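In what follows, a structure is listed as structure tokens, so that the remarks can point back to it.
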Amino acid sequence: MKLIEIKENVTWNKEVVAFDDYTFLQSWEWGEINSNEGKENVFRYVVKDNDEVIGMAQAFTISAKRGKILFLPHGPLFKNKKAWEMIIKELLRKARELNCVCLRVAAWEIRSESSEKKYSELGFKKAGVIMHAEDTWLVDLRGSEEEVLGRMRKTTRNLIRRGERDGIKIWKSDKIEDVDHLYDLQMEVVKRNGFVPFSKKYLKKELEVLGREEMSVLFLGEGSEGVVGAALIVFLGKYAFYYQSGSRVSKEPVNYLLQWEVMKEARKRGCEIYNMWGVMPVGAKDHPWQGLSMFKMGFGGEQKEYMKAMDYPINKVAYLKLKVFEKIPKTWRNVLTGRLG
């Protein structure tokens with residue numbers, strides 16, 4: 001087996017989708033978005049056994065006044081432990097070389113005692129912050145349209161049909177200027193739930209880069225009160241991802257019909273699973289995502305719990321300061337989106 005650093009995008013995404021479970025956070029385009037126009041380092045590696053790719057990882061630096069981290073989102077992808085070890089060893093070497101505060105890994109592995117033990121035995125600690133989706137909702141798109149609808153909650157199915165009868169308009173866009181709708185609707189959610197929003201410039205960058213290879217589509221939903229729903233959907237291999245969204249409170253079932261149109265588009269593209277991204281943890285009570293989670297769960301499917309982010313401290317003093325700072329909600333989102341306006 002050998003570890004190879006990849007500098008050019010020839011077959012990267014094709015190798016990613018050859019794995020069984022993955023997200024677009026390991027796509028080449030996601031690295032381009034987070035390179036911050038060359039200001040951050042992006043590293044991509046594959047592990048090969050003869051000609052077979054048995055491991056992959058894309059990681060990038062996130063720089064801030066409090067220090068720099070090397071971050072691996074939803075990776076590494078691997079087929080055996082040796083490939084995993086080779087990738088983690090190389091990323092630790094890079095983190096030290098760049099004087100990073102820590103190597104942070106948000107692994108795309110099912111949460112279990114054994115998966116966490118694998119990291120803790122190497123010296124990793126729980127990060128204590130959510131970088132990306134960990135508890136996710138997956139909708140099975142296989143079968144006929146009637147079978148997909150049949151797996152939904154009855155109320156959800158009825159609201160979709162009502163939306164069709166009422167003439168609600170859903171359309172797709174790849175126009176950068178239409179991100180204004182998404183941003184304005186996200187700000188409505190901010191007012192309701194008080195979370196830290198993405199900047200408009202960051203959202204436009206995502207649609208621009210992901211749209212180059214037709215990986216993303218912006219869905220917009222319009223009722224009698226105008227555009228009240230928006231969703232940025234990413235397509236990669238057998239998966240579709242409900243990544244960004246915004247909505248205005250409405251009595252019309254715009255967002256139910258919007259999601260159904262997303263699912264139909266995903267099926268046309270050959271997708272088998274619709275990853276609706278984050279939901280509240282199993283058993284959580286009075287969770288801020290309760291309403292959104294119930295909305296997603298109404299479309300049928302199953303919940304999967306992936307590993308929480310893990311850190312390997314490089315500079316222990318700086319890491320302690322980082323941990324204190326990260327008690328402030330959404331600090332890394334501020335850093336990520338603030339870099340782009």
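Following the order of the structure tokens, first chain is A, next is B, and so on, with residues numbered from 1 inside each chain and ligands from 1 in the order they appear.
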
Give me every strand (DSSP E or B) residue in range 125-321 of chain A, going by DSSP on the backbone, as a ChimeraX atom specification.
-> /A:125-126,135-140,169-173,216-223,226-236,239-247,273-278,302-306,310-313

Near-Leu98 in chain A list (9 Å; only C-alpha atoms; drop same-chain fewer than 5 positions) as a list in words =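 Selected residues are Lys68, Leu70 and Arg93 of chain A.
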
Using only C-alpha atoms, find the one residue out of A:Val17, A:Ser120, A:Thr61, A:His132 that sits nearest to Gly38 in chain A.
->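 Checking each of A:Val17, A:Ser120, A:Thr61, A:His132 against Gly38 in chain A, counting only C-alpha atoms, the winner is A:Thr61.
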
Check range 75-175 of chain A with DSSP on the backbone and list each residue it calls helix (DSSP H, G or I), as a PyMOL selection string.
-> chain A and resi 81-97+113-120+145-150+154-165

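Reported to one decimal place, the separation of CA of Asn36 in chain A from CA of Ile62 in chain A is 9.4 Å.
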